[in-house]
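Colleague: Provided herewith is a single structure, encoded as structure tokens, for subsequent inquiry.
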Amino acid sequence: MRVRLHWRGQTLEAESEPDEPLYAILLRVGLPGGSDILAAKSSCSIHELQAPIGEKQEFYLLEWDSPEARQVFWHSSAHLLAEAILSFWPNAKLTIGPPIENGFYYDIDFEGNPPSPEDFPRIEAKFLELASKPEYFVRKKVSASEAIAYYEQQGNRYKIELIQELPPDEITFYESGGFVDLCKGPHLWHSGPIRAVKVLSLAGAYWRGDSRNPQLTRVYGISFPNPALLEEYLHTLEEAARRDHRLLGRQLDLFSFHEEGPGFPFWHPKGMRLLNVLQEWLRGKLLRRGYEEIKTPIILTQRLWEQSGHYDNYRENMYFTHIDEQPYAVKPMNCPGSTIIYRTRLRSYRELPLRLFEFGLVHRHELSGVLTGLFRVRAFTQDDAHIYCTPDQIESEILALLELVREVYETFGFQEREIYLSTRPKKYIGSLELWSQAEGALEAALRMASFQYQVNPGEGAFYGPKIDFVIKDSLQRRWQLGTIQLDFSMPQRFGLSYVGPDGAPHTPVMIHRALLGSFERFIGILLEHTGGELPLWLAPVQIKVLPVSEKSFDYARQVSTALQAANLRCEVDWSSEKLGKKIREAEQEKVPLIWVVGAREAETQTVSIRNRRERTQQEGIPLEEAIHTVRTFAQPPS
RNA sequence: GCCAUCGUAGCUCAGUGGUAGAGCACUUCCUUGGUAAGGAAGAGGUCGCCGGUUCGAUCCCGGCCGAUGGCUCCA
């Protein structure tokens, strides 16, 4: 029979038989099977090169640039890692070892004798030695009893547990070199293409992710077809470390963390400027779109949280206190407070949709081990809003929200978005009609805004469907920012209603929504996205004024007074250092504009401008003109 | 919360069973300068906290606190 091979834009044809492995065909037609070509794709599934082609006739040959091929590559690498580790820890019990987005890991029970980072070099050396043999990956089908017998002999209860959950007639092993592992594949034909490896880290991981199970040691690694790619990857890791917002937070003097309040950020003056600019910008945007701002108390009676359901479902994450011997709780969310304002008077359908936003400070007790800079804190300010509307208004409200989301993300240069629509789960409240109307409205709005989205069936909250927004930053990392959640439960629980045109009371739909998520976390993301090079309108210090010497202090004072009067954020370097040093420091602080003022400038009432973002330098700009220009460019986007 | 690693000056880090050092930053003085580090002097640490071993602990041991990386991305 004839098979067709698609490779780098060309199509090759060859004669073959069903029992011929794919690599044999490749070699016959002169393609680099087993080196550049790692795997193939055929009728939507991955076909490994060593597998007989069967009835398949169309093959898309995959190389390193294909994510699927990399998964195969890393999966095989995980086997080599395990083999290398077993050569030093022969009694270690293997569990699972999958490929991941960047590399692979293997979870191993070392029975109290785990490796340490000092062991990484010898593991890597052994790995490369095994890879260069090369080792061929051979698939073997076995019966469940054989498989269990094999692992009983090894005393590996984890693998036995896995086998017992698999369909008994679909159990396969892979053998490579002397190494055998329960595995469904697919794998590389052989280990030849694996030319570089790095063992990255060790971590504790529970068997099956359950903290009641024994804790295993997870060994993370990554491998590449050549050492240059590994170097490149290690460089991106360094770049990410250089952009770490915790580091930038200190370098730019924005915020800090302390033992006196783990997980509670301390905002320094410059960090406050950033936070405030961001909030003022968003506030203006929302007010122009028919929102109104509210503020609700941080501490409210425990009774309220019992009514909202948080006490039953979210208690673990809440802080409690007493006031006058009555139990109170610190709010972990803003919604109950918002509903209290809603029901302060009778509402008419004529005032819906009612859009109430709150930059609400919430406190949540996160586990100590998950706290991470501004990304995971115990107190943060949500850009929260609750929209009360009729079921008929859902679609137009969502559409308006989607447009707002687009605008907001594009303001910060987050062009790439992923959108997830989560629909009705098994356990839900509210009527089926309401659910399908709401889900239909969400989809209609997404289509109307021409947003690409993915549906996660059954992933919605029990109280309503939701849309989540994930953006990609400049290092291609993904962050979930915004969320839009419909809520059929809260209005009921709090007995919210509005008087309809029919004069009768109706229950409104509540839309919870956040665009940035939390200001704290968003600032962290923004710092890493920009590497601390914040745009002029956000920069905590927009202009740093550098007097050439103390003789120019008077003029520097005049310039900074003029800048302050123009509402520009500036700072003067009053130190007795030389100009070169002052420039260096201002550059390291990533200040967008440096204004040098010396005798020449003082005499002519001008400034010399050094623009960090554009790497330009201009001398003798009249002071008034310079201020006017900066004011123009420092305008926040609308 | 659990696992691994870590905790020495504001920051980055050396160091030793006999109560501590460097660079940067800070203060003062000299220098008054023109686009990425001028010079000198000084100040600054209960070596995270508590306990144990020891004649003696920053170092060894235990506990606690905090930080970092992880803790279903399921053969």
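Scheme for the structure tokens: letters A, B, ... for chains in order shown; per-chain residue numbers from 1; ligand numbers from 1 in order shown.
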Please determine the contact residues of chain A with respect to chain B at a cut-off of 6 Å, counting only C-alpha atoms (C1' of nucleotides), and supply them as a PDB file with C-alpha atoms, in the first residue's frame.
Modeller:
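The file below, part_18.pdb, is the result:
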```
ATOM      1  CA  ILE A 100       5.197  18.738  31.361  1.00  0.00           C
ATOM      2  CA  LEU A 182       4.889   0.635  33.022  1.00  0.00           C
ATOM      3  CA  CYS A 183       3.992   3.213  30.398  1.00  0.00           C
ATOM      4  CA  ALA A 203      10.249  18.920  45.381  1.00  0.00           C
ATOM      5  CA  GLY A 204       7.952  17.057  47.656  1.00  0.00           C
ATOM      6  CA  ALA A 205       4.837  15.754  45.964  1.00  0.00           C
ATOM      7  CA  ARG A 208      -1.699  11.286  43.624  1.00  0.00           C
ATOM      8  CA  GLY A 209      -1.609  14.833  44.927  1.00  0.00           C
ATOM      9  CA  GLU A 259       8.256  38.552  59.402  1.00  0.00           C
ATOM     10  CA  SER A 549      26.828  70.118  41.025  1.00  0.00           C
ATOM     11  CA  LYS A 578      29.442  63.430  40.221  1.00  0.00           C
ATOM     12  CA  LYS A 581      27.261  58.426  39.221  1.00  0.00           C
ATOM     13  CA  ARG A 584      24.037  55.509  36.672  1.00  0.00           C
TER      14      ARG A 584
END
```
Colleague: Near G10 (chain B), counting only C-alpha atoms (C1' of nucleotides), which residues have an atom at most 12 Å away, once you skip same-chain residues fewer than 2 positions from it, shown as a list in words?
Modeller: Arg250, Gln251 and Asp253 of chain A; U12, C24, A25, C26, G44 and G45 of chain B
Colleague: Using only C-alpha atoms, which of the listed residues (A:Asn313, A:Asn334, A:Thr530, A:Thr339) sits closest to Gln382 (chain A)?
Modeller: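 Under the stated criterion, the closest residue is A:Asn334.
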Colleague: To one decimal place in Å, what is the distance between CA of Ile419 (chain A) and CA of Gly360 (chain A)?
Modeller: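 Answer for the CA of Ile419 (chain A) to CA of Gly360 (chain A) separation: 24.8 Å.
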Colleague: Show which residues sit within 12 Å of U27 (chain B), as a short mmCIF file (atom, residue, chain, number, x, y, z; two decimals) with N, CA, C and O atoms (P, O5', C5', C4', C3', O3' and C1' of nucleotides), in the first residue's frame. Count only C-alpha atoms (C1' of nucleotides), and ignore same-chain residues fewer than 5 positions away.
Modeller:
```cif
data_model
loop_
_atom_site.label_atom_id
_atom_site.label_comp_id
_atom_site.auth_asym_id
_atom_site.auth_seq_id
_atom_site.Cartn_x
_atom_site.Cartn_y
_atom_site.Cartn_z
P A B 41 40.88 55.38 54.58
"O5'" A B 41 39.99 56.01 55.74
"C5'" A B 41 40.61 56.73 56.81
"C4'" A B 41 39.57 57.51 57.58
"C3'" A B 41 38.55 56.67 58.35
"O3'" A B 41 39.03 56.22 59.58
"C1'" A B 41 37.44 58.37 57.14
P G B 42 38.41 54.87 60.25
"O5'" G B 42 36.89 55.27 60.57
"C5'" G B 42 36.61 56.22 61.59
"C4'" G B 42 35.15 56.57 61.59
"C3'" G B 42 34.19 55.44 61.97
"O3'" G B 42 34.09 55.30 63.37
"C1'" G B 42 33.37 56.58 60.06
P A B 43 33.76 53.87 64.02
"O5'" A B 43 32.17 53.80 63.86
"C5'" A B 43 31.34 54.77 64.50
"C4'" A B 43 29.96 54.75 63.89
"C3'" A B 43 29.27 53.39 63.92
"O3'" A B 43 28.63 53.14 65.16
"C1'" A B 43 29.11 54.28 61.76
P G B 44 28.65 51.67 65.79
"O5'" G B 44 27.67 50.89 64.80
"C5'" G B 44 26.29 51.27 64.68
"C4'" G B 44 25.67 50.60 63.49
"C3'" G B 44 25.70 49.08 63.55
"O3'" G B 44 24.59 48.58 64.28
"C1'" G B 44 26.41 49.84 61.41
#
```
Colleague: From a backbone DSSP assignment, name each residue in region 150-347 of chain A labelled alpha helix (DSSP H), as number ranges by chain.
Modeller: A: 150-154, 157-164, 227-242, 245-251, 269-287, 302-308, 310-313, 335-342
Colleague: Counting only C-alpha atoms (C1' of nucleotides), what is within 9 Å of Pro336 (chain A), bar same-chain residues fewer than 4 positions away, as a list of chain:residue names?
Modeller: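 With the cut-off at 9 Å, the set is A:Leu304, A:Trp305, A:Gln307, A:Ser308, A:Lys331, A:Ile340, A:Met490, A:Phe494.
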Colleague: Take the residues from that selection and write them out as a PDB file, in the first residue's frame, keeping C-alpha atoms.
Modeller:
```
ATOM      1  CA  LEU A 304     -23.588  37.621  57.586  1.00  0.00           C
ATOM      2  CA  TRP A 305     -21.056  34.995  56.490  1.00  0.00           C
ATOM      3  CA  GLN A 307     -26.073  33.683  55.560  1.00  0.00           C
ATOM      4  CA  SER A 308     -23.834  34.045  52.508  1.00  0.00           C
ATOM      5  CA  LYS A 331     -14.145  39.799  54.811  1.00  0.00           C
ATOM      6  CA  ILE A 340     -26.389  44.989  51.852  1.00  0.00           C
ATOM      7  CA  MET A 490     -26.458  35.139  46.435  1.00  0.00           C
ATOM      8  CA  PHE A 494     -29.993  37.699  50.673  1.00  0.00           C
TER       9      PHE A 494
END
```
Colleague: For region 219-223 of chain A, work out the shell of residues within 10 Å, counting only C-alpha atoms (C1' of nucleotides) and skipping chain neighbours fewer than 5 positions away, then give it as a ChimeraX atom specification.
Modeller: /A:70,73-74,76-78,81-82,85,97,99-100,102-108,114-115,120,124,128,193-205,229-230,233 /B:70
Colleague: What is the CA of Val541 (chain A) to CA of Trp479 (chain A) distance in Å?
Modeller: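 Atom-to-atom, CA of Val541 (chain A) to CA of Trp479 (chain A), that is 26.9 Å.
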Colleague: At a cut-off of 10 Å, can you tabulate as JSON lines every residue of region 377-415 of chain A near region 421-439 of chain A together with its closest atom pair and the distance in Å to one decimal, using only C-alpha atoms and ordering rows by chain then number?
Modeller:
```
{"residue": "A:Pro391", "atom": "CA", "partner": "A:Ala438", "partner_atom": "CA", "distance": 7.3}
{"residue": "A:Asp392", "atom": "CA", "partner": "A:Gln437", "partner_atom": "CA", "distance": 8.7}
{"residue": "A:Gln393", "atom": "CA", "partner": "A:Ala438", "partner_atom": "CA", "distance": 9.9}
{"residue": "A:Ile394", "atom": "CA", "partner": "A:Ala438", "partner_atom": "CA", "distance": 7.0}
{"residue": "A:Glu395", "atom": "CA", "partner": "A:Ala438", "partner_atom": "CA", "distance": 7.9}
```
Colleague: Could you dump the residues just selected with C-alpha atoms as a PDB file, in the first residue's frame?
Modeller:
```pdb
ATOM      1  CA  PRO A 391     -31.914  37.847  33.098  1.00  0.00           C
ATOM      2  CA  ASP A 392     -32.632  39.687  29.838  1.00  0.00           C
ATOM      3  CA  GLN A 393     -29.798  42.093  30.473  1.00  0.00           C
ATOM      4  CA  ILE A 394     -27.133  39.439  30.958  1.00  0.00           C
ATOM      5  CA  GLU A 395     -26.055  39.368  27.338  1.00  0.00           C
TER       6      GLU A 395
END
```
Colleague: To one decimal place in Å, what is the distance between CA of Gly54 (chain A) and CA of Ala40 (chain A)?
Modeller: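 That distance, rounded to one decimal, is 13.6 Å.
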Colleague: Find the residues around C60 (chain B) up to 10 Å (only C-alpha atoms (C1' of nucleotides) counted), leave out those fewer than 6 positions away in its own chain, and share them as a ChimeraX atom specification.
Modeller: /B:17,53-54
Colleague: Determine the nearest neighbour of Val591 (chain A) from the options A:Asp119, A:Glu528, A:Glu533, A:Glu624, counting only C-alpha atoms.
Modeller: A:Glu533
Colleague: Among region 371-611 of chain A, which ones does DSSP assign to strand (DSSP E) (computed from the backbone)? Answer as a short mmCIF file (atom, residue, chain, number, x, y, z; two decimals) with C-alpha atoms, in the first residue's frame.
Modeller:
```cif
data_model
loop_
_atom_site.label_atom_id
_atom_site.label_comp_id
_atom_site.auth_asym_id
_atom_site.auth_seq_id
_atom_site.Cartn_x
_atom_site.Cartn_y
_atom_site.Cartn_z
CA ALA A 379 -4.49 40.64 52.05
CA PHE A 380 -5.21 42.23 48.72
CA THR A 381 -7.39 44.74 46.96
CA GLN A 382 -9.73 43.37 44.34
CA ASP A 383 -10.95 45.50 41.45
CA ASP A 384 -14.31 44.02 42.26
CA ALA A 385 -17.74 44.87 40.95
CA HIS A 386 -21.20 43.47 41.23
CA ILE A 387 -23.75 44.08 38.55
CA TYR A 388 -27.38 43.54 39.43
CA CYS A 389 -29.52 42.98 36.38
CA ARG A 417 -5.51 36.11 25.59
CA GLU A 418 -7.11 32.79 26.34
CA ILE A 419 -10.73 32.72 27.37
CA TYR A 420 -12.49 29.88 29.11
CA LEU A 421 -16.23 29.49 29.45
CA SER A 422 -17.19 27.16 32.29
CA GLN A 454 -12.76 27.42 24.91
CA VAL A 455 -15.60 25.71 26.74
CA ASN A 456 -14.90 23.83 29.96
CA LYS A 466 -18.32 31.90 34.43
CA ILE A 467 -15.77 33.25 31.97
CA ASP A 468 -12.08 33.34 32.89
CA PHE A 469 -9.40 35.38 31.18
CA VAL A 470 -5.80 34.26 30.91
CA ILE A 471 -3.11 36.51 29.45
CA LYS A 472 0.43 35.79 28.30
CA ARG A 478 0.28 32.61 31.49
CA TRP A 479 -1.64 34.44 34.19
CA GLN A 480 -5.29 34.32 34.99
CA LEU A 481 -6.45 37.88 35.54
CA GLY A 482 -10.09 38.56 35.09
CA THR A 483 -13.19 36.57 35.73
CA ILE A 484 -16.88 37.09 35.13
CA GLN A 485 -19.19 34.95 37.20
CA LEU A 486 -22.94 34.81 37.12
CA ASP A 487 -24.50 34.17 40.48
CA TYR A 498 -36.61 44.52 42.28
CA VAL A 499 -40.06 45.65 41.29
CA PRO A 505 -41.07 41.56 42.96
CA HIS A 506 -38.44 39.68 40.93
CA VAL A 509 -29.13 38.15 38.59
CA MET A 510 -25.83 39.12 40.14
CA ILE A 511 -22.65 39.32 38.07
CA HIS A 512 -19.38 39.24 39.99
CA ARG A 513 -16.48 40.50 37.95
CA ALA A 514 -12.86 41.47 38.27
CA LEU A 515 -10.64 42.63 35.43
CA LEU A 516 -7.20 42.81 36.99
CA GLY A 517 -8.05 40.38 39.75
CA SER A 518 -6.15 42.07 42.51
CA ILE A 543 11.47 62.39 35.96
CA LYS A 544 14.65 62.43 37.97
CA VAL A 545 16.30 65.83 38.11
CA LEU A 546 20.09 65.72 38.35
CA PRO A 547 21.91 68.91 39.31
CA CYS A 570 9.71 63.77 40.10
CA GLU A 571 12.67 63.38 42.36
CA VAL A 572 15.89 65.37 42.72
CA LEU A 593 13.28 60.57 32.02
CA ILE A 594 16.44 62.11 33.41
CA TRP A 595 16.70 65.88 33.37
CA VAL A 596 20.22 67.19 33.77
CA VAL A 597 20.42 70.76 35.04
CA THR A 606 16.26 74.97 29.90
CA VAL A 607 16.82 71.31 30.70
CA SER A 608 18.84 68.51 29.09
CA ILE A 609 16.73 65.42 28.69
CA ARG A 610 17.90 61.83 28.68
CA ASN A 611 15.13 59.44 27.67
#
```
